[in-house]
file structure-v1.txt (compact mmCIF, C-alpha atoms and all ligand atoms)
# COMPACT_ATOMS: atom_id res chain seq x y z
CA MET R 1437 157.11 88.76 -110.20
CA THR R 1438 160.30 86.73 -110.73
CA GLU R 1439 160.74 83.18 -109.41
CA THR R 1440 163.17 84.43 -106.72
CA THR R 1441 160.84 87.22 -105.54
CA THR R 1442 157.98 84.73 -105.35
CA ARG R 1443 160.13 82.41 -103.26
CA TYR R 1444 161.00 85.24 -100.80
CA ARG R 1445 157.38 86.35 -100.62
CA ASN R 1446 156.24 82.81 -99.86
CA THR R 1447 158.92 82.28 -97.20
CA ILE R 1448 157.83 85.45 -95.39
CA THR R 1449 154.11 84.60 -95.66
CA GLN R 1450 154.80 81.07 -94.43
CA ALA R 1451 156.71 82.39 -91.39
CA VAL R 1452 153.89 84.83 -90.53
CA TYR R 1453 151.32 82.02 -90.81
CA LYS R 1454 153.23 79.40 -88.89
CA LYS R 1455 154.63 81.61 -86.12
CA LEU R 1456 151.73 84.05 -85.60
CA LEU R 1457 148.44 83.07 -87.20
CA LYS R 1458 148.42 79.29 -86.86
CA PRO R 1459 149.11 79.25 -83.09
CA LEU R 1460 146.29 81.77 -82.70
CA PHE R 1461 143.86 79.82 -84.92
CA PHE R 1462 144.74 76.50 -83.29
CA ARG R 1463 143.75 77.85 -79.86
CA HIS R 1464 140.15 78.22 -81.08
CA ASP R 1465 137.46 75.72 -82.02
CA PRO R 1466 138.22 74.40 -85.56
CA GLU R 1467 134.70 74.93 -86.89
CA ASP R 1468 134.55 78.50 -85.53
CA THR R 1469 137.95 79.22 -87.10
CA HIS R 1470 136.78 77.80 -90.41
CA ASP R 1471 133.61 79.92 -90.31
CA SER R 1472 135.64 83.06 -89.52
CA MET R 1473 138.04 82.35 -92.40
CA THR R 1474 135.11 81.85 -94.77
CA ALA R 1475 133.57 85.15 -93.63
CA MET R 1476 136.92 86.91 -94.15
CA GLY R 1477 137.25 85.37 -97.62
CA VAL R 1478 133.76 86.56 -98.57
CA HIS R 1479 134.57 90.04 -97.25
CA LEU R 1480 137.86 90.25 -99.18
CA SER R 1481 136.17 89.05 -102.36
CA ASN R 1482 133.63 91.88 -102.18
CA TYR R 1483 136.28 94.55 -102.84
CA TRP R 1484 138.59 95.00 -105.80
CA LEU R 1485 141.40 95.97 -103.41
CA GLY R 1486 140.81 92.88 -101.25
CA ARG R 1487 141.12 90.65 -104.29
CA ALA R 1488 144.16 92.53 -105.66
CA LEU R 1489 146.05 92.33 -102.33
CA THR R 1490 145.22 88.64 -101.94
CA ASN R 1491 146.43 88.05 -105.47
CA ALA R 1492 149.69 89.92 -104.81
CA MET R 1493 150.29 87.80 -101.70
CA PHE R 1494 149.52 84.37 -103.11
CA ASN R 1495 149.42 84.17 -106.87
CA TYR R 1496 151.88 82.26 -109.06
CA ARG R 1497 151.76 81.38 -112.76
CA ASN R 1498 153.93 79.30 -115.01
CA PRO R 1499 152.98 77.93 -118.44
CA MET R 1500 154.50 74.52 -117.55
CA LEU R 1501 151.55 73.98 -115.20
CA GLU R 1502 148.80 74.70 -117.75
CA GLN R 1503 146.65 71.83 -119.05
CA GLU R 1504 143.57 71.23 -121.16
CA LEU R 1505 141.59 68.32 -119.67
CA CYS R 1506 138.10 67.13 -120.63
CA GLY R 1507 137.71 70.37 -122.60
CA ILE R 1508 138.51 72.56 -119.57
CA SER R 1509 141.57 74.86 -119.29
CA PHE R 1510 143.44 74.65 -115.99
CA ILE R 1511 146.11 77.29 -115.23
CA ASN R 1512 147.63 75.01 -112.60
CA PRO R 1513 146.81 71.54 -111.23
CA ILE R 1514 146.18 72.49 -107.58
CA GLY R 1515 142.52 72.65 -106.59
CA LEU R 1516 140.53 73.11 -103.42
CA SER R 1517 138.87 69.85 -102.33
CA ALA R 1518 135.15 69.61 -101.65
CA GLY R 1519 134.15 70.41 -98.07
CA PHE R 1520 135.98 73.69 -97.44
CA ASP R 1521 133.59 75.90 -99.43
CA LYS R 1522 130.43 73.95 -98.72
CA ASN R 1523 128.02 76.69 -99.82
CA ALA R 1524 129.97 78.13 -102.77
CA GLU R 1525 130.67 81.45 -101.05
CA LEU R 1526 134.35 81.75 -101.95
CA THR R 1527 134.37 81.33 -105.73
CA ASP R 1528 135.44 84.97 -106.27
CA ILE R 1529 138.50 84.84 -103.99
CA LEU R 1530 139.82 81.28 -104.53
CA PRO R 1531 141.57 82.17 -107.85
CA ASP R 1532 143.49 84.95 -106.05
CA ILE R 1533 144.69 82.51 -103.38
CA GLY R 1534 146.38 80.67 -106.25
CA PHE R 1535 144.08 77.72 -106.89
CA GLY R 1536 143.88 76.41 -110.46
CA PHE R 1537 140.36 75.11 -109.79
CA ALA R 1538 138.00 74.45 -106.90
CA GLU R 1539 135.25 72.00 -106.00
CA VAL R 1540 132.40 73.45 -103.96
CA GLY R 1541 129.97 71.45 -101.81
CA SER R 1542 129.14 68.73 -101.29
CA ILE R 1543 125.73 70.10 -102.23
CA THR R 1544 122.62 68.03 -101.57
CA GLY R 1545 119.06 68.03 -102.86
CA GLU R 1546 117.75 69.54 -99.62
CA LYS R 1547 119.26 71.88 -97.04
CA CYS R 1548 121.00 69.98 -94.24
CA VAL R 1549 122.20 71.30 -90.87
CA GLY R 1550 124.62 68.39 -90.55
CA ASN R 1551 125.50 66.35 -87.50
CA PRO R 1552 125.42 67.84 -83.99
CA LYS R 1553 128.52 69.80 -82.85
CA PRO R 1554 131.37 69.24 -82.14
CA ARG R 1555 132.04 67.76 -85.58
CA LEU R 1556 135.52 68.93 -86.53
CA TRP R 1557 138.74 68.19 -84.62
CA ARG R 1558 142.42 68.81 -85.31
CA LEU R 1559 144.94 65.99 -85.06
CA LYS R 1560 147.94 68.12 -84.17
CA GLU R 1561 150.46 65.30 -83.94
CA SER R 1562 149.25 63.40 -86.98
CA GLU R 1563 148.67 66.60 -89.03
CA GLY R 1564 145.15 65.70 -90.01
CA LEU R 1565 141.55 66.48 -89.16
CA VAL R 1566 138.62 64.41 -87.94
CA VAL R 1567 135.57 65.47 -89.94
CA TYR R 1568 132.03 64.65 -88.86
CA TYR R 1569 130.06 67.48 -90.50
CA GLY R 1570 127.54 65.11 -92.08
CA LEU R 1571 127.12 67.09 -95.31
CA LYS R 1572 126.06 70.39 -93.76
CA ASN R 1573 125.06 72.73 -96.61
CA ASP R 1574 122.36 75.18 -97.69
CA GLY R 1575 120.87 72.79 -100.28
CA CYS R 1576 121.02 73.01 -104.07
CA GLU R 1577 118.27 75.58 -104.58
CA ALA R 1578 119.71 78.21 -102.23
CA ILE R 1579 123.24 77.65 -103.55
CA ALA R 1580 122.09 77.88 -107.17
CA GLN R 1581 120.40 81.18 -106.26
CA ARG R 1582 123.70 82.45 -104.79
CA LEU R 1583 125.58 81.58 -107.98
CA GLN R 1584 123.13 83.25 -110.38
CA GLY R 1585 124.97 85.62 -112.75
CA LYS R 1586 128.45 84.73 -111.42
CA HIS R 1587 131.39 84.50 -113.78
CA PHE R 1588 134.16 82.17 -112.61
CA SER R 1589 137.79 82.88 -113.52
CA ILE R 1590 138.91 79.31 -112.73
CA PRO R 1591 137.04 76.02 -113.29
CA ILE R 1592 134.54 75.39 -110.49
CA GLY R 1593 133.36 71.85 -109.89
CA MET R 1594 130.09 71.12 -108.14
CA SER R 1595 130.26 68.18 -105.75
CA VAL R 1596 126.81 66.64 -105.34
CA ALA R 1597 125.70 64.15 -102.70
CA MET R 1598 122.48 62.82 -101.19
CA THR R 1599 120.90 64.72 -98.32
CA ASN R 1600 121.90 63.33 -94.93
CA CYS R 1601 118.48 62.22 -93.70
CA LEU R 1602 116.80 58.94 -92.77
CA ALA R 1603 114.36 59.13 -95.70
CA ASN R 1604 117.27 58.52 -98.06
CA ALA R 1605 117.63 54.99 -96.74
CA ASP R 1606 115.12 54.38 -99.55
CA ILE R 1607 117.35 54.02 -102.62
CA ASP R 1608 114.78 55.50 -105.02
CA LEU R 1609 114.45 58.62 -102.87
CA ALA R 1610 118.23 58.87 -102.54
CA ILE R 1611 118.65 58.67 -106.33
CA HIS R 1612 115.97 61.34 -106.76
CA ASP R 1613 117.89 63.54 -104.28
CA TYR R 1614 121.19 63.12 -106.18
CA ALA R 1615 119.44 63.83 -109.47
CA LYS R 1616 117.86 67.00 -108.07
CA ALA R 1617 121.22 68.34 -106.87
CA PHE R 1618 122.89 67.32 -110.14
CA ARG R 1619 120.23 68.97 -112.33
CA THR R 1620 120.12 72.15 -110.24
CA MET R 1621 123.89 72.69 -110.04
CA GLU R 1622 124.73 71.58 -113.60
CA PRO R 1623 124.29 75.02 -115.24
CA PHE R 1624 126.91 76.54 -112.90
CA ALA R 1625 129.43 73.71 -113.03
CA SER R 1626 132.65 73.41 -115.00
CA TYR R 1627 132.42 69.77 -113.95
CA ILE R 1628 130.25 67.74 -111.57
CA THR R 1629 131.56 65.29 -108.97
CA VAL R 1630 129.20 62.64 -107.65
CA ASN R 1631 130.24 62.02 -104.05
CA ILE R 1632 129.31 58.45 -103.07
CA SER R 1633 131.88 58.21 -100.29
CA CYS R 1634 130.87 60.60 -97.50
CA PRO R 1635 131.77 58.71 -94.31
CA ASN R 1636 129.38 60.68 -92.10
CA THR R 1637 125.81 60.23 -93.30
CA ALA R 1638 122.85 58.56 -91.57
CA GLY R 1639 122.37 55.87 -94.22
CA GLY R 1640 126.07 55.02 -94.68
CA GLN R 1641 127.35 54.64 -98.25
CA PRO R 1642 124.63 52.71 -100.12
CA PHE R 1643 126.03 53.59 -103.55
CA ILE R 1644 129.19 51.62 -103.06
CA VAL R 1645 126.95 48.59 -103.65
CA PRO R 1646 127.33 47.93 -107.41
CA GLU R 1647 123.57 47.40 -108.06
CA ASN R 1648 122.72 50.72 -106.39
CA LEU R 1649 125.55 52.52 -108.18
CA GLU R 1650 124.26 51.14 -111.47
CA ARG R 1651 120.75 52.39 -110.70
CA LEU R 1652 122.10 55.83 -109.76
CA PHE R 1653 124.03 56.25 -113.00
CA VAL R 1654 121.20 54.94 -115.15
CA VAL R 1655 119.27 57.99 -113.89
CA LEU R 1656 122.18 60.49 -113.94
CA ASP R 1657 123.05 59.45 -117.53
CA THR R 1658 119.68 60.78 -118.69
CA ILE R 1659 120.24 64.34 -117.40
CA PRO R 1660 121.33 66.44 -120.38
CA THR R 1661 124.83 67.92 -119.96
CA THR R 1662 128.05 68.40 -121.87
CA LYS R 1663 130.03 68.88 -118.65
CA PRO R 1664 132.54 66.24 -117.47
CA ILE R 1665 131.35 64.01 -114.64
CA PHE R 1666 133.64 62.72 -111.92
CA ILE R 1667 133.01 60.38 -109.02
CA LYS R 1668 134.68 60.46 -105.60
CA LEU R 1669 135.78 57.21 -103.99
CA SER R 1670 136.61 56.18 -100.44
CA PRO R 1671 140.16 55.09 -99.58
CA ASP R 1672 138.62 52.32 -97.47
CA PHE R 1673 137.28 50.27 -100.39
CA SER R 1674 138.83 46.84 -100.77
CA MET R 1675 140.44 45.97 -104.12
CA MET R 1676 137.47 43.70 -104.86
CA GLN R 1677 134.96 46.49 -104.14
CA LEU R 1678 137.01 48.85 -106.26
CA ASP R 1679 137.10 46.43 -109.19
CA THR R 1680 133.31 46.03 -109.21
CA ILE R 1681 132.78 49.80 -108.88
CA LEU R 1682 135.19 50.50 -111.76
CA ALA R 1683 133.34 47.93 -113.89
CA VAL R 1684 130.04 49.78 -113.27
CA LEU R 1685 131.55 53.21 -113.93
CA ALA R 1686 133.21 52.08 -117.16
CA VAL R 1687 129.86 51.71 -118.94
CA HIS R 1688 128.40 55.03 -117.75
CA ARG R 1689 128.89 58.72 -118.43
CA VAL R 1690 131.80 59.14 -116.01
CA HIS R 1691 134.96 60.95 -117.13
CA GLY R 1692 137.06 61.12 -114.00
CA ILE R 1693 137.68 59.71 -110.53
CA VAL R 1694 138.69 61.60 -107.38
CA CYS R 1695 141.01 59.42 -105.25
CA THR R 1696 140.10 59.89 -102.42
CA ASN R 1697 137.72 61.02 -99.72
CA LEU R 1698 138.36 60.73 -95.95
CA THR R 1699 139.23 57.41 -94.27
CA LYS R 1700 137.12 55.97 -91.48
CA LYS R 1701 139.63 53.35 -90.44
CA ARG R 1702 141.24 53.80 -87.03
CA ASP R 1703 143.90 51.06 -87.35
CA ASN R 1704 146.17 53.44 -89.21
CA PRO R 1705 149.86 53.74 -88.24
CA HIS R 1706 149.82 57.43 -89.19
CA ILE R 1707 147.44 58.28 -86.34
CA LEU R 1708 149.81 59.70 -83.72
CA ASP R 1709 147.24 61.49 -81.55
CA THR R 1710 145.53 59.70 -78.68
CA ASN R 1711 141.83 59.73 -77.69
CA ILE R 1712 140.55 60.68 -81.12
CA SER R 1713 136.81 60.79 -81.81
CA GLU R 1714 135.35 57.45 -82.86
CA LYS R 1715 133.02 59.30 -85.20
CA GLY R 1716 134.08 60.90 -88.44
CA GLY R 1717 136.52 60.58 -91.33
CA LEU R 1718 140.23 61.37 -91.16
CA SER R 1719 142.13 63.67 -93.51
CA GLY R 1720 145.68 64.91 -94.06
CA LYS R 1721 148.76 62.82 -93.43
CA VAL R 1722 146.59 60.03 -91.99
CA VAL R 1723 144.90 59.38 -95.35
CA LYS R 1724 147.83 60.12 -97.66
CA GLU R 1725 149.25 56.62 -98.08
CA LEU R 1726 145.78 55.07 -98.54
CA SER R 1727 144.91 57.68 -101.18
CA ASP R 1728 148.21 57.25 -103.00
CA ASP R 1729 147.83 53.45 -103.03
CA MET R 1730 144.29 53.68 -104.39
CA LEU R 1731 145.31 56.26 -107.00
CA ALA R 1732 148.12 54.02 -108.25
CA TYR R 1733 145.78 51.04 -108.38
CA VAL R 1734 143.02 52.88 -110.25
CA TYR R 1735 145.53 54.37 -112.71
CA LYS R 1736 146.92 50.95 -113.56
CA LYS R 1737 143.45 49.44 -113.86
CA ALA R 1738 141.62 52.24 -115.62
CA GLY R 1739 143.99 55.17 -116.22
CA LYS R 1740 143.23 55.19 -119.93
CA ARG R 1741 139.47 55.32 -119.36
CA PHE R 1742 139.32 57.94 -116.58
CA LEU R 1743 141.02 61.20 -115.72
CA LEU R 1744 142.32 60.93 -112.16
CA ILE R 1745 142.32 63.60 -109.46
CA GLY R 1746 144.54 62.93 -106.45
CA SER R 1747 143.28 64.08 -103.07
CA GLY R 1748 144.54 63.27 -99.58
CA GLY R 1749 147.50 64.48 -97.54
CA VAL R 1750 149.10 66.96 -99.91
CA PHE R 1751 151.34 69.24 -97.82
CA SER R 1752 154.18 69.94 -100.27
CA ALA R 1753 155.23 69.98 -103.94
CA GLU R 1754 156.80 66.54 -103.40
CA ASP R 1755 153.44 65.16 -102.19
CA ALA R 1756 151.63 66.59 -105.22
CA TYR R 1757 154.35 65.42 -107.61
CA LYS R 1758 154.16 61.89 -106.21
CA LYS R 1759 150.43 61.77 -106.98
CA ILE R 1760 151.05 63.13 -110.50
CA ARG R 1761 153.70 60.50 -111.14
CA LEU R 1762 151.29 57.83 -109.83
CA GLY R 1763 148.64 58.92 -112.34
CA ALA R 1764 146.85 62.07 -111.18
CA SER R 1765 146.35 64.85 -113.72
CA LEU R 1766 144.94 67.16 -111.06
CA ILE R 1767 145.42 67.51 -107.31
CA GLN R 1768 143.04 68.63 -104.58
CA MET R 1769 143.76 69.64 -101.00
CA ILE R 1770 142.36 71.13 -97.78
CA THR R 1771 144.27 69.93 -94.71
CA GLY R 1772 147.73 70.91 -95.98
CA MET R 1773 146.50 74.47 -96.42
CA ILE R 1774 145.24 74.56 -92.82
CA PHE R 1775 148.50 73.23 -91.37
CA GLU R 1776 150.94 75.04 -93.71
CA GLY R 1777 149.09 78.26 -94.63
CA PRO R 1778 147.47 79.46 -97.86
CA GLN R 1779 150.84 80.33 -99.48
CA ILE R 1780 151.34 76.55 -99.75
CA ILE R 1781 149.38 76.57 -103.02
CA SER R 1782 151.89 78.90 -104.65
CA GLN R 1783 154.78 76.99 -103.03
CA ILE R 1784 153.47 73.69 -104.40
CA ASN R 1785 153.02 75.12 -107.87
CA GLN R 1786 156.49 76.68 -107.89
CA GLY R 1787 157.96 73.50 -106.45
CA LEU R 1788 156.24 71.43 -109.15
CA VAL R 1789 157.88 73.52 -111.86
CA GLU R 1790 161.29 72.85 -110.28
CA LEU R 1791 160.61 69.12 -109.97
CA LEU R 1792 159.39 68.88 -113.57
CA LYS R 1793 162.53 70.70 -114.80
CA ARG R 1794 164.78 68.50 -112.63
CA ASP R 1795 163.30 65.38 -114.22
CA GLY R 1796 163.35 66.72 -117.76
CA PHE R 1797 159.57 67.09 -118.25
CA ALA R 1798 158.30 70.01 -120.33
CA THR R 1799 154.79 69.99 -118.81
CA ILE R 1800 152.72 68.26 -116.12
CA LYS R 1801 151.12 66.02 -118.74
CA ASP R 1802 154.48 64.39 -119.47
CA ALA R 1803 154.87 63.31 -115.83
CA VAL R 1804 151.38 61.85 -115.29
CA GLY R 1805 151.60 58.15 -114.44
CA VAL R 1806 155.32 57.65 -115.10
CA ASP R 1807 155.81 55.74 -111.86
CA ALA R 1808 152.72 53.58 -112.26
CA ILE R 1809 153.92 52.36 -115.64
CA LYS R 1810 157.29 51.38 -114.15
CA ASN R 1811 155.86 49.20 -111.37
C1 LIG R 1901 136.40 69.95 -93.14
C2 LIG R 1901 136.28 68.98 -94.28
C3 LIG R 1901 135.02 68.78 -94.88
C4 LIG R 1901 134.89 67.89 -95.94
N1 LIG R 1901 133.70 67.75 -96.57
C5 LIG R 1901 133.62 67.05 -97.73
C6 LIG R 1901 132.44 67.06 -98.51
O1 LIG R 1901 131.44 67.71 -98.17
N2 LIG R 1901 132.43 66.35 -99.67
C7 LIG R 1901 133.53 65.64 -100.10
O2 LIG R 1901 133.47 65.04 -101.17
N3 LIG R 1901 134.66 65.61 -99.37
C8 LIG R 1901 134.73 66.30 -98.21
N4 LIG R 1901 135.90 66.31 -97.49
C9 LIG R 1901 137.04 65.49 -97.94
C10 LIG R 1901 138.03 66.33 -98.76
O3 LIG R 1901 137.44 66.80 -99.93
C11 LIG R 1901 139.29 65.54 -99.12
O4 LIG R 1901 138.94 64.49 -99.96
C12 LIG R 1901 140.01 64.99 -97.88
O5 LIG R 1901 140.00 65.94 -96.85
C13 LIG R 1901 141.46 64.61 -98.16
O6 LIG R 1901 142.20 65.74 -98.56
P1 LIG R 1901 143.16 66.55 -97.53
O7 LIG R 1901 144.00 65.54 -96.83
O8 LIG R 1901 143.96 67.46 -98.43
O9 LIG R 1901 142.28 67.30 -96.63
C14 LIG R 1901 136.03 67.16 -96.39
C15 LIG R 1901 137.27 67.35 -95.77
C16 LIG R 1901 137.41 68.24 -94.73
C17 LIG R 1901 138.76 68.42 -94.10
call {"tool": "encode", "arguments": {"input": "structure-v1.txt", "output": "structure tokens", "more": "lines below"}}
Ligand SMILES: Cc1cc2nc3c(=O)[nH]c(=O)nc-3n(C[C@H](O)[C@H](O)[C@H](O)COP(=O)(O)O)c2cc1C
result
Amino acid sequence: MTETTTRYRNTITQAVYKKLLKPLFFRHDPEDTHDSMTAMGVHLSNYWLGRALTNAMFNYRNPMLEQELCGISFINPIGLSAGFDKNAELTDILPDIGFGFAEVGSITGEKCVGNPKPRLWRLKESEGLVVYYGLKNDGCEAIAQRLQGKHFSIPIGMSVAMTNCLANADIDLAIHDYAKAFRTMEPFASYITVNISCPNTAGGQPFIVPENLERLFVVLDTIPTTKPIFIKLSPDFSMMQLDTILAVLAVHRVHGIVCTNLTKKRDNPHILDTNISEKGGLSGKVVKELSDDMLAYVYKKAGKRFLLIGSGGVFSAEDAYKKIRLGASLIQMITGMIFEGPQIISQINQGLVELLKRDGFATIKDAVGVDAIKN
């Protein structure tokens, strides 16, 4: 398919999504809509024709977007963030939607039903979501069973977290829980992300305390693996917290940092909706600036030591490009796809190629961090 045909195809798909499907979806409960979309994705992935049609509607490739990072080949830098495919049910269809990689989970040591419903809300004015799932997932053993014998055509990261239960207030038990999820999911992972920044769990975020983080990685370091290990940070950390966390991570087996998770803060000028839930973390355009600021800070502080993955508020090629120029080698997204439609992945990738050409870069790698160095 030529660049022009792809552009026409995406414009038509975008119009169908925004004028027909989105108004329909947005009339229904967000969690029900998400569950229906997951079921449809699983259904499509079960048939060759379903996958081929999806691919024809959404795929886009360009060698300028290809990268080799931490020994993994990425066909493009746009990945699905953790939290959309909590139980790793969509790994067969995500490549056909155009993703260059995907992170499934977060997956915990034990099955968890999550927080009581409702636990997902749309912020229509702010173009974000309020997320209060509380790490709902089937648990590492059931998910590992589901993935037995699967062959992935794009890199699949496994996001691991501690089970959302009161028992994990005990740090030793919480570490054991992380280690169980890590060990169980490791054989299936292209990379593993340790999520220490879920804003919605019973025990809070005990591993943002440097001593606890140190204890966690002392244990995780002993689990045999050759896979890259990333960690996911909260955009709400202060600079001082971030500095101490980076100092701990620097001496452990950590290869990359995901900047960032959801924000809990409500004093955010990008919140345009009124009466939003007091519970939960905020995504999309609400978290974008916080994520970008943290990404830029981490790149300047530790960009040589860690690979950076930018996550938070990506709705366009310009948003993704900004994160790349601030220091991200890879990008993750969820909310932009919900507000703009799944063709946005192809549109971002095609837009990135145009932006790279405009600025005289031959590949993504050449653009990583150029703005951070200037500041
Ligand atoms: C519905 C939903 C569920 C999420 N669940 C998780 C999760 O289980 N683990 C995790 O690390 N991040 C989770 N996140 C955070 C996302 O991975 C991402 O960091 C955040 O949404 C910012 O990206 P976005 O603005 O593109 O959505 C979740 C986000 C959403 C919207």
call {"tool": "closest_atom_pairs", "arguments": {"input": "structure-v1.txt", "of": "chain R", "to": "ligand LIG 1901 (chain R)", "cutoff": "7 Å", "atoms": "only C-alpha atoms and all ligand atoms", "output": "tab-separated table"}}
result
residue	atom	partner	partner_atom	distance
R:Ser1517	CA	R:LIG1901	O3	4.1
R:Ala1518	CA	R:LIG1901	O3	4.0
R:Gly1519	CA	R:LIG1901	N1	3.1
R:Phe1520	CA	R:LIG1901	C3	5.6
R:Lys1522	CA	R:LIG1901	O1	6.3
R:Gly1541	CA	R:LIG1901	O1	5.4
R:Ser1542	CA	R:LIG1901	O1	4.0
R:Leu1556	CA	R:LIG1901	C1	6.7
R:Gly1564	CA	R:LIG1901	O7	6.9
R:Leu1565	CA	R:LIG1901	C17	6.0
R:Val1567	CA	R:LIG1901	C1	5.6
R:Tyr1569	CA	R:LIG1901	C3	6.7
R:Leu1571	CA	R:LIG1901	O1	5.2
R:Ser1595	CA	R:LIG1901	O2	6.4
R:Asn1631	CA	R:LIG1901	O2	5.3
R:Cys1634	CA	R:LIG1901	C7	6.3
R:Lys1668	CA	R:LIG1901	O2	6.5
R:Thr1696	CA	R:LIG1901	O4	5.3
R:Asn1697	CA	R:LIG1901	O4	3.7
R:Leu1698	CA	R:LIG1901	C12	5.0
R:Ser1719	CA	R:LIG1901	O7	4.2
R:Gly1720	CA	R:LIG1901	O7	3.3
R:Lys1721	CA	R:LIG1901	O7	6.5
R:Val1723	CA	R:LIG1901	O7	6.4
R:Lys1724	CA	R:LIG1901	O7	6.7
R:Ser1747	CA	R:LIG1901	O6	4.9
R:Gly1748	CA	R:LIG1901	O6	3.6
R:Gly1749	CA	R:LIG1901	O7	3.7
R:Val1750	CA	R:LIG1901	O8	5.4
R:Gln1768	CA	R:LIG1901	O8	6.3
R:Met1769	CA	R:LIG1901	O8	3.4
R:Ile1770	CA	R:LIG1901	O9	4.0
R:Thr1771	CA	R:LIG1901	O9	3.8
R:Gly1772	CA	R:LIG1901	O8	5.7
call {"tool": "residues_around", "arguments": {"input": "structure-v1.txt", "residues": "Met1621 in chain R", "least_positions_apart": "4", "cutoff": "12 Å", "atoms": "only C-alpha atoms", "output": "VMD selection string"}}
result
chain R and resid 1523 to 1524 1540 to 1545 1575 to 1584 1592 to 1597 1614 to 1617 1625 to 1630 1659 1661 1663
call {"tool": "residues_around", "arguments": {"input": "structure-v1.txt", "residues": "range 1476-1482 of chain R", "least_positions_apart": "3", "cutoff": "8 Å", "atoms": "only C-alpha atoms", "output": "PyMOL selection string"}}
result
chain R and resi 1472-1473+1485-1487+1525-1526+1528-1529
call {"tool": "closest_residue", "arguments": {"input": "structure-v1.txt", "among": "R:Asn1648, R:Thr1527, R:Thr1440, R:Thr1490", "to": "Thr1474 in chain R", "atoms": "all atoms listed in the file"}}
result
R:Thr1527
call {"tool": "closest_residue", "arguments": {"input": "structure-v1.txt", "among": "R:Phe1797, R:Phe1751, R:Trp1484, R:Tyr1453", "to": "Gln1783 in chain R", "atoms": "all atoms listed in the file"}}
result
R:Phe1751
call {"tool": "residues_around", "arguments": {"input": "structure-v1.txt", "residues": "range 1775-1782 of chain R", "least_positions_apart": "4", "cutoff": "7 Å", "atoms": "only C-alpha atoms", "output": "ChimeraX atom specification"}}
result
/R:1446,1449-1450,1453-1454,1494-1496,1514,1533-1535,1771,1786
call {"tool": "write_last_selection", "arguments": {"input": "structure-v1.txt", "atoms": "C-alpha atoms", "output": "tab-separated table (two decimals), in the frame of the given file"}}
result
chain	number	residue	atom	x	y	z
R	1446	ASN	CA	156.24	82.81	-99.86
R	1449	THR	CA	154.11	84.60	-95.66
R	1450	GLN	CA	154.80	81.07	-94.43
R	1453	TYR	CA	151.32	82.02	-90.81
R	1454	LYS	CA	153.23	79.40	-88.89
R	1494	PHE	CA	149.52	84.37	-103.11
R	1495	ASN	CA	149.42	84.17	-106.87
R	1496	TYR	CA	151.88	82.26	-109.06
R	1514	ILE	CA	146.18	72.49	-107.58
R	1533	ILE	CA	144.69	82.51	-103.38
R	1534	GLY	CA	146.38	80.67	-106.25
R	1535	PHE	CA	144.08	77.72	-106.89
R	1771	THR	CA	144.27	69.93	-94.71
R	1786	GLN	CA	156.49	76.68	-107.89
call {"tool": "closest_residue", "arguments": {"input": "structure-v1.txt", "among": "R:Lys1740, R:Arg1445, R:Arg1558, R:Arg1689", "to": "Ile1707 in chain R", "atoms": "all atoms listed in the file"}}
result
R:Arg1558
call {"tool": "decode", "arguments": {"input": "structure-v1.txt", "residues": "range 1765-1775 of chain R", "atoms": "N, CA and C atoms", "output": "mmCIF file, in the first residue's frame"}}
result
data_model
loop_
_atom_site.group_PDB
_atom_site.id
_atom_site.type_symbol
_atom_site.label_atom_id
_atom_site.label_comp_id
_atom_site.auth_asym_id
_atom_site.auth_seq_id
_atom_site.Cartn_x
_atom_site.Cartn_y
_atom_site.Cartn_z
ATOM 1 N N SER R 1765 12.816 6.116 23.544
ATOM 2 C CA SER R 1765 13.097 5.293 22.362
ATOM 3 C C SER R 1765 11.837 4.575 21.904
ATOM 4 N N LEU R 1766 10.928 4.358 22.843
ATOM 5 C CA LEU R 1766 9.663 3.688 22.540
ATOM 6 C C LEU R 1766 8.525 4.479 23.170
ATOM 7 N N ILE R 1767 7.326 4.264 22.645
ATOM 8 C CA ILE R 1767 6.140 4.990 23.100
ATOM 9 C C ILE R 1767 5.065 3.964 23.434
ATOM 10 N N GLN R 1768 4.291 4.245 24.469
ATOM 11 C CA GLN R 1768 3.122 3.400 24.763
ATOM 12 C C GLN R 1768 1.878 4.267 24.867
ATOM 13 N N MET R 1769 0.730 3.660 24.586
ATOM 14 C CA MET R 1769 -0.516 4.430 24.665
ATOM 15 C C MET R 1769 -1.732 3.534 24.880
ATOM 16 N N ILE R 1770 -2.776 4.122 25.489
ATOM 17 C CA ILE R 1770 -4.106 3.501 25.559
ATOM 18 C C ILE R 1770 -5.166 4.562 25.245
ATOM 19 N N THR R 1771 -5.190 5.637 26.040
ATOM 20 C CA THR R 1771 -6.309 6.582 25.996
ATOM 21 C C THR R 1771 -6.485 7.231 24.621
ATOM 22 N N GLY R 1772 -5.389 7.557 23.964
ATOM 23 C CA GLY R 1772 -5.476 8.161 22.628
ATOM 24 C C GLY R 1772 -6.201 7.246 21.660
ATOM 25 N N MET R 1773 -5.979 5.948 21.808
ATOM 26 C CA MET R 1773 -6.641 4.974 20.917
ATOM 27 C C MET R 1773 -8.150 4.955 21.174
ATOM 28 N N ILE R 1774 -8.538 5.125 22.438
ATOM 29 C CA ILE R 1774 -9.970 5.100 22.781
ATOM 30 C C ILE R 1774 -10.667 6.364 22.261
ATOM 31 N N PHE R 1775 -9.988 7.507 22.359
ATOM 32 C CA PHE R 1775 -10.616 8.762 21.914
ATOM 33 C C PHE R 1775 -10.507 8.969 20.403
#
